[in-house]
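Novice: Before I ask anything, here is the structure I am working with.
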Amino acid sequence: MYFDDRAIVINDYSGSQIDAHPLRNWLVNIPLRFEDTTLRKIVTIIGIVLLVVILYLVSPLLVGNGQVKYYADIEDHYKYGSIGSEPTNGIPYWIWKAMPVVFADKLPGKGYESLGFLSEEGHDLPIGFSKRKVSGIDRVGLNCAVCHVGTVRDSDDSPAQIVLAMPSNNLYLRDYIKFISEAAVDPRFSAPEMMPYINEMGSHLNPLQKLIYRYIAIPRTRDALIRQGNLLSFLNEQPDWGPGRVDTFSPYKAIQFNFPMDKLEESELIGTADYPPIWHQKPREGLQLHWDGNNKSVDERNLSAALGAGVTPTTVDRKGIKRVADWLWDFPPPEYPYEIDNELAVTGKSLFESNCAKCHAFNGESVGTVSNIDEIGTDRHRLDSYTYELMSNQNTLFAGFPERFKSFRKTNGYANMPLDGVWLRAPYLHNGSVPTLRDLLESPEKRPAIFYRGNDVIDRDKLGFVSSEEEAHGKTFFKYDTSQPGNSNEGHLYGTDLSPDEKDALVEYMKKL
């Protein structure tokens with residue numbers, strides 16, 4: 001089509017031309033420039049409105065994206081600050097919030113609290129969870145506190161006191177993994193089912209955010225959780241962990257290194273152990289750390305634990321982890337708050353020095369070293385689960401970074417741990433198979449073969465938590481059976497030949513540690 005001074009001519013490229021004179025008359029009456037002031041104003045206003053709408057829809061995806069919130073209070077930062085787990089392994093916030101509502105039938109009680117997560121007034125997330133905006137949407141990840149904050153009660157009727165850096169004696173971590181894995185394969189894990197709940201929960205998502213959740217976030221989260229559930233399916237073959245316990249390194253093999261878990265030796269598939277406390281780290285530098293003493297570096301141990309919580313070498317928040325590590329360096333365990341028989345404790349101190357200090361006092365000649373499994377005689381599953389093959393793979397982590405692992409070693413037993421704050425570390429032995437310190441001073445056949453874990457009421461006489469009650473203060477506790485693989489209460493015969501009075505005195509003194 002072209003113009004001449006007489007007509008508009010349309011060439012249809014067939015050799016003929018069409019005179020479009022009527023079209024010419026219509027076109028020549030339209031201004032070819034926006035010389036009309038009113039029209040220019042209208043176009044400008046429309047453009048501004050469109051720009052505002054676009055900015056409104058897009059700004060939530062851009063503002064604060066990737067930024068980490070550093071809490072002014074270090075204790076709040078420990079409980080709720082990011083360590084870098086959200087970018088790769090975080091769950092979109094509103095999906096995480098909706099899951100216990102949509103899949104309430106898969107939980108033992110109401111909400112995440114029924115899995116032992118601890119909540120504080122004024123905080124949107126439980127302790128141990130952090131929130132960070134990634135790729136335009138908030139995601140929820142785990143941090144150090146999820147495994148290292150617990151509670152203690154004076155009695156059944158008293159409120160729970162939250163204690164930082166102690167083992168998470170309430171947490172059913174395996175049940176949380178099971179919950180999110182089973183939810184992912186449920187047909188209800190879909191946009192049509194979940195979006196109404198997300199909208200009703202006050203999400204206030206704009207139209208663009210709703211599209212992202214509907215067509216990207218929900219399907220991708222479902223697929224990621226299904227994949228993770230498949231990798232960790234071997235956990236279904238393990239005896240139940242119960243509260244306050246975790247198999248640290250078996251999931252490591254599957255998630256970090258894609259070990260063929262169905263082809264591994266049966267002896268290395270159960271490594272369940274208690275969470276340790278992480279207070280007062282300074283005097284632990286150079287000691288053999290982890291239950292089997294497989295590493296002497298506190299920093300490397302910290303990064304290894306962070307990988308277990310979901311960080312990667314490229315997403316780890318070094319500044320956040322260092323801030324927590326610096327705080328824990330000198331952070332002391334809480335002192336025993338109840339009455340102590342000081343006269344009896346004096347007798348107990350001399351007994352401790354002659355029977356225990358060599359391995360369990362900070363200045364003891366064997367503290368932080370490994371006792372051979374044949375000598376100590378405790379359950380060997382955790383030791384056997386950590387293999388040379390895993391060690392070799394671990395020492396490739398953080399390759400290309402200054403933090404590259406180089407300190408992991410395979411040992412032949414369990415490390416002798418310092419006992420600071422021992423009154424908050426029950427149950428005892430590496431696998432939590434002995435409920436109280438007084439029970440630990442008995443020969444294995446006299447220790448409880450079955451007891452209940454999860455009660456946070458302090459046992460002031462035996463030093464531990466009350467373990468004989470199946471139910472109390474509205475909770476049903478976990479039945480711990482020492483006959484199950486990985487749960488044996490054998491070994492550690494030190495002090496078992498003392499008299500009953502001497503054992504009582506020793507326990508009384510250990511309240512002061």
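The way I read the labels, and the way they are meant: chains A, B, ... in the order of the structure tokens, residue 1 as the first residue of every chain, and ligand 1 as the first ligand shown, with later ones counted on from there.
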Using DSSP assignments from the backbone, pull out every residue in region 134-201 of chain A that falls under strand (DSSP E or B) and give it to me as a PyMOL selection string.
Specialist: chain A and resi 134+137-142+149-153+161-164
Novice: Using 12 Å as the limit and counting only C-alpha atoms, can you tabulate each residue of region 186-250 of chain A that touches region 305-319 of chain A, with its shortest atom-to-atom distance in Å and the two atoms involved, as a tab-separated table?
Specialist:
residue	atom	partner	partner_atom	distance
A:Gln228	CA	A:Gly310	CA	11.5
A:Val246	CA	A:Gly308	CA	10.9
A:Asp247	CA	A:Gly308	CA	10.5
A:Thr248	CA	A:Gly308	CA	7.5
A:Phe249	CA	A:Gly308	CA	8.6
A:Ser250	CA	A:Gly308	CA	10.6
Novice: Keeping only all heavy atoms, write the selected residues as a tab-separated table (two decimals), in the first residue's frame.
Specialist:
chain	number	residue	atom	x	y	z
A	228	GLN	N	12.27	-34.61	47.59
A	228	GLN	CA	12.91	-34.75	48.89
A	228	GLN	C	12.35	-35.95	49.64
A	228	GLN	O	13.10	-36.72	50.27
A	228	GLN	CB	12.71	-33.49	49.72
A	228	GLN	CG	13.28	-33.59	51.13
A	228	GLN	CD	13.07	-32.32	51.93
A	228	GLN	OE1	13.84	-31.38	51.81
A	228	GLN	NE2	12.02	-32.29	52.76
A	246	VAL	N	17.61	-37.04	66.23
A	246	VAL	CA	17.75	-36.88	64.78
A	246	VAL	C	18.81	-37.84	64.27
A	246	VAL	O	19.77	-38.15	64.99
A	246	VAL	CB	18.14	-35.42	64.43
A	246	VAL	CG1	19.52	-35.08	65.00
A	246	VAL	CG2	18.11	-35.18	62.93
A	247	ASP	N	18.64	-38.32	63.07
A	247	ASP	CA	19.70	-39.03	62.37
A	247	ASP	C	20.37	-37.99	61.47
A	247	ASP	O	19.86	-37.63	60.43
A	247	ASP	CB	19.14	-40.18	61.54
A	247	ASP	CG	20.23	-41.02	60.88
A	247	ASP	OD1	21.35	-40.47	60.67
A	247	ASP	OD2	19.99	-42.19	60.56
A	248	THR	N	21.50	-37.49	61.90
A	248	THR	CA	22.15	-36.38	61.21
A	248	THR	C	22.71	-36.78	59.86
A	248	THR	O	22.50	-36.09	58.85
A	248	THR	CB	23.29	-35.81	62.07
A	248	THR	OG1	22.76	-35.39	63.32
A	248	THR	CG2	23.97	-34.65	61.38
A	249	PHE	N	23.44	-37.88	59.80
A	249	PHE	CA	24.26	-38.13	58.63
A	249	PHE	C	23.64	-39.04	57.58
A	249	PHE	O	24.08	-39.01	56.43
A	249	PHE	CB	25.62	-38.67	59.08
A	249	PHE	CG	26.46	-37.64	59.77
A	249	PHE	CD1	26.72	-37.72	61.12
A	249	PHE	CD2	26.96	-36.55	59.06
A	249	PHE	CE1	27.49	-36.76	61.76
A	249	PHE	CE2	27.72	-35.58	59.69
A	249	PHE	CZ	27.98	-35.68	61.05
A	250	SER	N	22.63	-39.83	57.92
A	250	SER	CA	22.00	-40.65	56.89
A	250	SER	C	21.26	-39.78	55.87
A	250	SER	O	21.43	-39.96	54.65
A	250	SER	CB	21.07	-41.68	57.51
A	250	SER	OG	21.80	-42.60	58.31
Novice: Taking into account only C-alpha atoms, which residue in the set A:Trp241, A:Tyr338, A:Tyr80, A:Tyr112 is nearest to Leu142 (chain A)?
Specialist: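 For Leu142 (chain A), the nearest of the given residues is A:Tyr80.
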Novice: Fewer than 2 positions away in the same chain doesn't count, so skip those; otherwise give me all residues within 12 Å of Ile162 (chain A), counting only C-alpha atoms, as a list in words.
Specialist: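 These residues fall inside the cut-off: Glu75, Lys79, Phe117, Leu118, Ser119, Glu120, Ile127, Ala145, His148, Val149, Gly150, Thr151, Val152, Arg153, Pro159, Ala160, Leu164, Ala165, Met166, Pro167, Ser168, Asn169, Asn170, Pro334, Leu424 and Asp456 of chain A.
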Novice: How would the residues just chosen look if you wrote them out with N, CA and C atoms as a PDB file, in the first residue's frame?
Specialist:
ATOM      1  N   GLU A  75      19.493 -12.591  70.584  1.00  0.00           N
ATOM      2  CA  GLU A  75      18.683 -13.771  70.907  1.00  0.00           C
ATOM      3  C   GLU A  75      17.540 -13.925  69.913  1.00  0.00           C
ATOM      4  N   LYS A  79      16.951 -16.980  67.139  1.00  0.00           N
ATOM      5  CA  LYS A  79      15.699 -17.724  67.032  1.00  0.00           C
ATOM      6  C   LYS A  79      15.021 -17.564  65.672  1.00  0.00           C
ATOM      7  N   PHE A 117       7.183 -27.763  67.658  1.00  0.00           N
ATOM      8  CA  PHE A 117       7.765 -26.451  67.400  1.00  0.00           C
ATOM      9  C   PHE A 117       7.263 -25.460  68.449  1.00  0.00           C
ATOM     10  N   LEU A 118       8.138 -24.552  68.839  1.00  0.00           N
ATOM     11  CA  LEU A 118       7.848 -23.617  69.917  1.00  0.00           C
ATOM     12  C   LEU A 118       7.492 -22.251  69.351  1.00  0.00           C
ATOM     13  N   SER A 119       6.419 -21.666  69.851  1.00  0.00           N
ATOM     14  CA  SER A 119       5.972 -20.362  69.381  1.00  0.00           C
ATOM     15  C   SER A 119       6.015 -19.350  70.514  1.00  0.00           C
ATOM     16  N   GLU A 120       6.303 -18.110  70.155  1.00  0.00           N
ATOM     17  CA  GLU A 120       6.312 -17.005  71.101  1.00  0.00           C
ATOM     18  C   GLU A 120       5.315 -15.941  70.647  1.00  0.00           C
ATOM     19  N   ILE A 127       9.945 -20.674  66.660  1.00  0.00           N
ATOM     20  CA  ILE A 127      11.385 -20.582  66.860  1.00  0.00           C
ATOM     21  C   ILE A 127      12.082 -21.584  65.942  1.00  0.00           C
ATOM     22  N   ALA A 145      18.338 -22.618  65.583  1.00  0.00           N
ATOM     23  CA  ALA A 145      17.498 -22.732  66.772  1.00  0.00           C
ATOM     24  C   ALA A 145      16.466 -23.844  66.671  1.00  0.00           C
ATOM     25  N   HIS A 148      18.098 -26.482  68.555  1.00  0.00           N
ATOM     26  CA  HIS A 148      18.863 -26.132  69.747  1.00  0.00           C
ATOM     27  C   HIS A 148      18.169 -25.082  70.604  1.00  0.00           C
ATOM     28  N   VAL A 149      16.885 -25.253  70.802  1.00  0.00           N
ATOM     29  CA  VAL A 149      16.121 -24.493  71.795  1.00  0.00           C
ATOM     30  C   VAL A 149      15.132 -25.464  72.423  1.00  0.00           C
ATOM     31  N   GLY A 150      15.127 -25.526  73.736  1.00  0.00           N
ATOM     32  CA  GLY A 150      14.221 -26.444  74.423  1.00  0.00           C
ATOM     33  C   GLY A 150      13.444 -25.747  75.514  1.00  0.00           C
ATOM     34  N   THR A 151      12.721 -26.530  76.297  1.00  0.00           N
ATOM     35  CA  THR A 151      11.916 -25.976  77.387  1.00  0.00           C
ATOM     36  C   THR A 151      12.087 -26.811  78.646  1.00  0.00           C
ATOM     37  N   VAL A 152      11.816 -26.174  79.769  1.00  0.00           N
ATOM     38  CA  VAL A 152      11.829 -26.864  81.058  1.00  0.00           C
ATOM     39  C   VAL A 152      10.683 -26.315  81.895  1.00  0.00           C
ATOM     40  N   ARG A 153      10.049 -27.192  82.687  1.00  0.00           N
ATOM     41  CA  ARG A 153       8.966 -26.799  83.598  1.00  0.00           C
ATOM     42  C   ARG A 153       9.330 -27.209  85.019  1.00  0.00           C
ATOM     43  N   PRO A 159       4.307 -22.885  83.719  1.00  0.00           N
ATOM     44  CA  PRO A 159       4.536 -22.596  82.293  1.00  0.00           C
ATOM     45  C   PRO A 159       5.914 -23.073  81.858  1.00  0.00           C
ATOM     46  N   ALA A 160       6.028 -23.360  80.588  1.00  0.00           N
ATOM     47  CA  ALA A 160       7.310 -23.789  80.042  1.00  0.00           C
ATOM     48  C   ALA A 160       8.249 -22.604  79.918  1.00  0.00           C
ATOM     49  N   LEU A 164      17.571 -21.184  75.510  1.00  0.00           N
ATOM     50  CA  LEU A 164      18.340 -21.128  74.271  1.00  0.00           C
ATOM     51  C   LEU A 164      19.578 -22.010  74.344  1.00  0.00           C
ATOM     52  N   ALA A 165      19.891 -22.621  73.221  1.00  0.00           N
ATOM     53  CA  ALA A 165      21.106 -23.430  73.017  1.00  0.00           C
ATOM     54  C   ALA A 165      21.061 -24.791  73.694  1.00  0.00           C
ATOM     55  N   MET A 166      19.975 -25.133  74.389  1.00  0.00           N
ATOM     56  CA  MET A 166      19.842 -26.490  74.917  1.00  0.00           C
ATOM     57  C   MET A 166      19.249 -27.374  73.825  1.00  0.00           C
ATOM     58  N   PRO A 167      19.318 -28.691  73.968  1.00  0.00           N
ATOM     59  CA  PRO A 167      18.726 -29.581  72.963  1.00  0.00           C
ATOM     60  C   PRO A 167      17.220 -29.345  72.824  1.00  0.00           C
ATOM     61  N   SER A 168      16.717 -29.463  71.612  1.00  0.00           N
ATOM     62  CA  SER A 168      15.282 -29.272  71.368  1.00  0.00           C
ATOM     63  C   SER A 168      14.527 -30.512  71.815  1.00  0.00           C
ATOM     64  N   ASN A 169      14.251 -30.575  73.103  1.00  0.00           N
ATOM     65  CA  ASN A 169      13.661 -31.777  73.683  1.00  0.00           C
ATOM     66  C   ASN A 169      12.206 -31.991  73.281  1.00  0.00           C
ATOM     67  N   ASN A 170      11.579 -30.993  72.643  1.00  0.00           N
ATOM     68  CA  ASN A 170      10.185 -31.125  72.217  1.00  0.00           C
ATOM     69  C   ASN A 170      10.027 -31.582  70.772  1.00  0.00           C
ATOM     70  N   PRO A 334      22.542 -22.224  81.465  1.00  0.00           N
ATOM     71  CA  PRO A 334      21.874 -21.703  82.666  1.00  0.00           C
ATOM     72  C   PRO A 334      22.243 -22.525  83.899  1.00  0.00           C
ATOM     73  N   LEU A 424      20.262 -30.067  81.938  1.00  0.00           N
ATOM     74  CA  LEU A 424      19.286 -29.807  80.870  1.00  0.00           C
ATOM     75  C   LEU A 424      19.515 -30.699  79.650  1.00  0.00           C
ATOM     76  N   ASP A 456       8.789 -32.152  79.664  1.00  0.00           N
ATOM     77  CA  ASP A 456       9.833 -31.193  80.016  1.00  0.00           C
ATOM     78  C   ASP A 456       9.804 -30.792  81.490  1.00  0.00           C
TER      79      ASP A 456
END
Novice: Give the alpha helix (DSSP H) residues of region 354-482 of chain A, as DSSP finds them on the backbone, and put them as a PyMOL selection string.
Specialist: chain A and resi 354-355+357-360+373-376+381-385+388-394+437-440
Novice: Can you spit out the residues from that selection as a short mmCIF file (atom, residue, chain, number, x, y, z; two decimals), in the first residue's frame, using N, CA, C and O atoms?
Specialist:
data_model
loop_
_atom_site.label_atom_id
_atom_site.label_comp_id
_atom_site.auth_asym_id
_atom_site.auth_seq_id
_atom_site.Cartn_x
_atom_site.Cartn_y
_atom_site.Cartn_z
N SER A 354 37.26 -38.14 91.06
CA SER A 354 37.94 -39.43 91.01
C SER A 354 37.34 -40.39 89.99
O SER A 354 38.02 -41.33 89.56
N ASN A 355 36.09 -40.16 89.59
CA ASN A 355 35.42 -41.12 88.71
C ASN A 355 35.06 -40.56 87.32
O ASN A 355 34.93 -41.33 86.37
N ALA A 357 35.93 -36.80 86.14
CA ALA A 357 36.58 -35.60 85.64
C ALA A 357 37.57 -35.88 84.52
O ALA A 357 37.74 -35.05 83.60
N LYS A 358 38.24 -37.00 84.54
CA LYS A 358 39.23 -37.32 83.51
C LYS A 358 38.64 -37.19 82.11
O LYS A 358 39.30 -36.69 81.19
N CYS A 359 37.39 -37.61 81.95
CA CYS A 359 36.76 -37.60 80.63
C CYS A 359 35.76 -36.46 80.44
O CYS A 359 35.43 -36.11 79.30
N HIS A 360 35.26 -35.88 81.55
CA HIS A 360 34.12 -34.97 81.41
C HIS A 360 34.29 -33.58 82.01
O HIS A 360 33.36 -32.79 82.00
N ILE A 373 34.93 -47.93 71.02
CA ILE A 373 33.60 -48.50 71.20
C ILE A 373 33.64 -49.78 72.03
O ILE A 373 32.72 -50.06 72.80
N ASP A 374 34.73 -50.53 71.92
CA ASP A 374 34.84 -51.76 72.71
C ASP A 374 35.02 -51.46 74.19
O ASP A 374 34.64 -52.26 75.04
N GLU A 375 35.57 -50.30 74.49
CA GLU A 375 35.76 -49.90 75.88
C GLU A 375 34.48 -49.33 76.47
O GLU A 375 34.07 -49.71 77.57
N ILE A 376 33.84 -48.45 75.73
CA ILE A 376 32.67 -47.76 76.29
C ILE A 376 31.41 -48.61 76.21
O ILE A 376 30.53 -48.54 77.06
N HIS A 381 25.27 -48.04 66.59
CA HIS A 381 24.63 -47.67 65.32
C HIS A 381 25.07 -46.29 64.83
O HIS A 381 25.37 -46.11 63.64
N ARG A 382 25.09 -45.32 65.73
CA ARG A 382 25.49 -43.96 65.30
C ARG A 382 26.92 -43.95 64.79
O ARG A 382 27.23 -43.30 63.79
N LEU A 383 27.80 -44.69 65.43
CA LEU A 383 29.20 -44.77 64.99
C LEU A 383 29.30 -45.41 63.61
O LEU A 383 29.99 -44.90 62.72
N ASP A 384 28.59 -46.52 63.41
CA ASP A 384 28.67 -47.24 62.14
C ASP A 384 27.99 -46.50 60.99
O ASP A 384 28.33 -46.72 59.82
N SER A 385 27.06 -45.62 61.32
CA SER A 385 26.37 -44.89 60.25
C SER A 385 27.28 -43.87 59.57
O SER A 385 27.05 -43.47 58.44
N TYR A 388 33.62 -44.18 56.04
CA TYR A 388 34.74 -43.58 55.32
C TYR A 388 34.27 -42.93 54.02
O TYR A 388 34.78 -41.88 53.61
N GLU A 389 33.32 -43.58 53.37
CA GLU A 389 32.82 -43.02 52.10
C GLU A 389 32.15 -41.68 52.32
O GLU A 389 32.37 -40.72 51.55
N LEU A 390 31.35 -41.57 53.38
CA LEU A 390 30.72 -40.29 53.68
C LEU A 390 31.78 -39.25 54.04
O LEU A 390 31.71 -38.10 53.58
N MET A 391 32.76 -39.64 54.84
CA MET A 391 33.83 -38.72 55.22
C MET A 391 34.53 -38.17 53.98
O MET A 391 34.78 -36.96 53.87
N SER A 392 34.84 -39.03 53.04
CA SER A 392 35.54 -38.60 51.83
C SER A 392 34.72 -37.61 51.04
O SER A 392 35.25 -36.62 50.50
N ASN A 393 33.45 -37.84 50.96
CA ASN A 393 32.57 -36.91 50.24
C ASN A 393 32.42 -35.59 50.99
O ASN A 393 32.39 -34.52 50.37
N GLN A 394 32.31 -35.67 52.30
CA GLN A 394 32.16 -34.43 53.07
C GLN A 394 33.34 -33.49 52.88
O GLN A 394 33.18 -32.27 52.83
N LEU A 437 20.36 -39.05 85.12
CA LEU A 437 21.74 -39.34 85.52
C LEU A 437 21.79 -40.42 86.60
O LEU A 437 22.72 -41.24 86.63
N ARG A 438 20.80 -40.43 87.46
CA ARG A 438 20.78 -41.46 88.51
C ARG A 438 20.61 -42.85 87.89
O ARG A 438 21.22 -43.83 88.34
N ASP A 439 19.80 -42.92 86.84
CA ASP A 439 19.63 -44.20 86.13
C ASP A 439 20.93 -44.61 85.44
O ASP A 439 21.25 -45.80 85.35
N LEU A 440 21.69 -43.63 84.94
CA LEU A 440 22.93 -43.93 84.23
C LEU A 440 23.97 -44.55 85.15
O LEU A 440 24.86 -45.28 84.69
#
Novice: Looking at A:Lys322, A:His77, A:Lys178, A:His204, which one is nearest to Leu231 (chain A), with distances taken over only C-alpha atoms?
Specialist: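 Selected residue with least distance to Leu231 (chain A): A:Lys178.
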Novice: Go through A:Glu265, A:Asp481, A:Glu339, A:Glu508 and flag the residue nearest Phe451 (chain A), using only C-alpha atoms for the distances.
Specialist: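 Of all the options, A:Asp481 lies closest to Phe451 (chain A).
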Novice: So how far away is CA of Leu419 (chain A) from CA of Trp279 (chain A), in Å?
Specialist: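 Computing the Euclidean distance for CA of Trp279 (chain A) and CA of Leu419 (chain A) yields 11.2 Å.
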Novice: Restricting the calculation to only C-alpha atoms: of A:Tyr414, A:Tyr275, A:Phe259, A:Phe103, which residue gets closest to Pro187 (chain A)?
Specialist: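 So, comparing all the options, the nearest one is A:Phe103.
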Novice: With only C-alpha atoms as the atoms that count, which of A:Ala224, A:Leu463, A:Ile450, A:Val370 lies nearest to Lys479 (chain A)?
Specialist: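 For Lys479 (chain A), the nearest of the given residues is A:Ile450.
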Novice: What is the distance, in Å and to one decimal place, between CA of Tyr509 (chain A) and CA of Val457 (chain A)?
Specialist: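 Straight-line distance from CA of Tyr509 (chain A) to CA of Val457 (chain A) works out to 20.2 Å.
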Novice: A:Asn143, A:Ser135, A:Asn230, A:Asn295: which is nearest Ser181 (chain A), counting only C-alpha atoms?
Specialist: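 Of all the options, A:Asn230 lies closest to Ser181 (chain A).
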Novice: Could you give me, as a list in words, the residues within 9 Å of Asp504 (chain A), counting only C-alpha atoms and dropping anything in the same chain fewer than 3 positions from it?
Specialist: Leu344, Gly348, Arg438, Asp461, Lys462, Ser499, Pro500, Asp501, Val507, Glu508 and Tyr509 of chain A
Novice: Would you write out those residues with N, CA and C atoms, as an mmCIF file, in the first residue's frame?
Specialist:
data_model
loop_
_atom_site.group_PDB
_atom_site.id
_atom_site.type_symbol
_atom_site.label_atom_id
_atom_site.label_comp_id
_atom_site.auth_asym_id
_atom_site.auth_seq_id
_atom_site.Cartn_x
_atom_site.Cartn_y
_atom_site.Cartn_z
ATOM 1 N N LEU A 344 25.890 -32.532 100.728
ATOM 2 C CA LEU A 344 25.949 -33.753 99.927
ATOM 3 C C LEU A 344 26.771 -33.514 98.658
ATOM 4 N N GLY A 348 29.914 -35.345 96.675
ATOM 5 C CA GLY A 348 29.789 -35.682 95.264
ATOM 6 C C GLY A 348 30.915 -35.114 94.421
ATOM 7 N N ARG A 438 20.803 -40.432 87.464
ATOM 8 C CA ARG A 438 20.782 -41.462 88.507
ATOM 9 C C ARG A 438 20.607 -42.849 87.888
ATOM 10 N N ASP A 461 15.165 -35.095 91.688
ATOM 11 C CA ASP A 461 15.831 -36.130 92.473
ATOM 12 C C ASP A 461 16.837 -36.916 91.622
ATOM 13 N N LYS A 462 16.396 -37.393 90.482
ATOM 14 C CA LYS A 462 17.258 -38.230 89.648
ATOM 15 C C LYS A 462 18.058 -37.428 88.629
ATOM 16 N N SER A 499 28.243 -46.988 95.799
ATOM 17 C CA SER A 499 27.112 -47.299 96.685
ATOM 18 C C SER A 499 25.940 -46.372 96.352
ATOM 19 N N PRO A 500 24.721 -46.733 96.749
ATOM 20 C CA PRO A 500 23.577 -45.853 96.493
ATOM 21 C C PRO A 500 23.774 -44.442 97.046
ATOM 22 N N ASP A 501 24.322 -44.313 98.234
ATOM 23 C CA ASP A 501 24.542 -42.984 98.806
ATOM 24 C C ASP A 501 25.568 -42.195 97.993
ATOM 25 N N VAL A 507 25.217 -37.259 91.879
ATOM 26 C CA VAL A 507 24.156 -36.572 91.133
ATOM 27 C C VAL A 507 23.930 -35.176 91.707
ATOM 28 N N GLU A 508 23.977 -35.069 93.039
ATOM 29 C CA GLU A 508 23.755 -33.755 93.668
ATOM 30 C C GLU A 508 24.833 -32.758 93.225
ATOM 31 N N TYR A 509 26.064 -33.212 93.146
ATOM 32 C CA TYR A 509 27.132 -32.313 92.706
ATOM 33 C C TYR A 509 26.971 -31.935 91.226
#
Novice: Using Å and a single decimal, report how far CA of Pro239 (chain A) sits from CA of Gln288 (chain A).
Specialist: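 Computing the Euclidean distance for CA of Gln288 (chain A) and CA of Pro239 (chain A) yields 27.8 Å.
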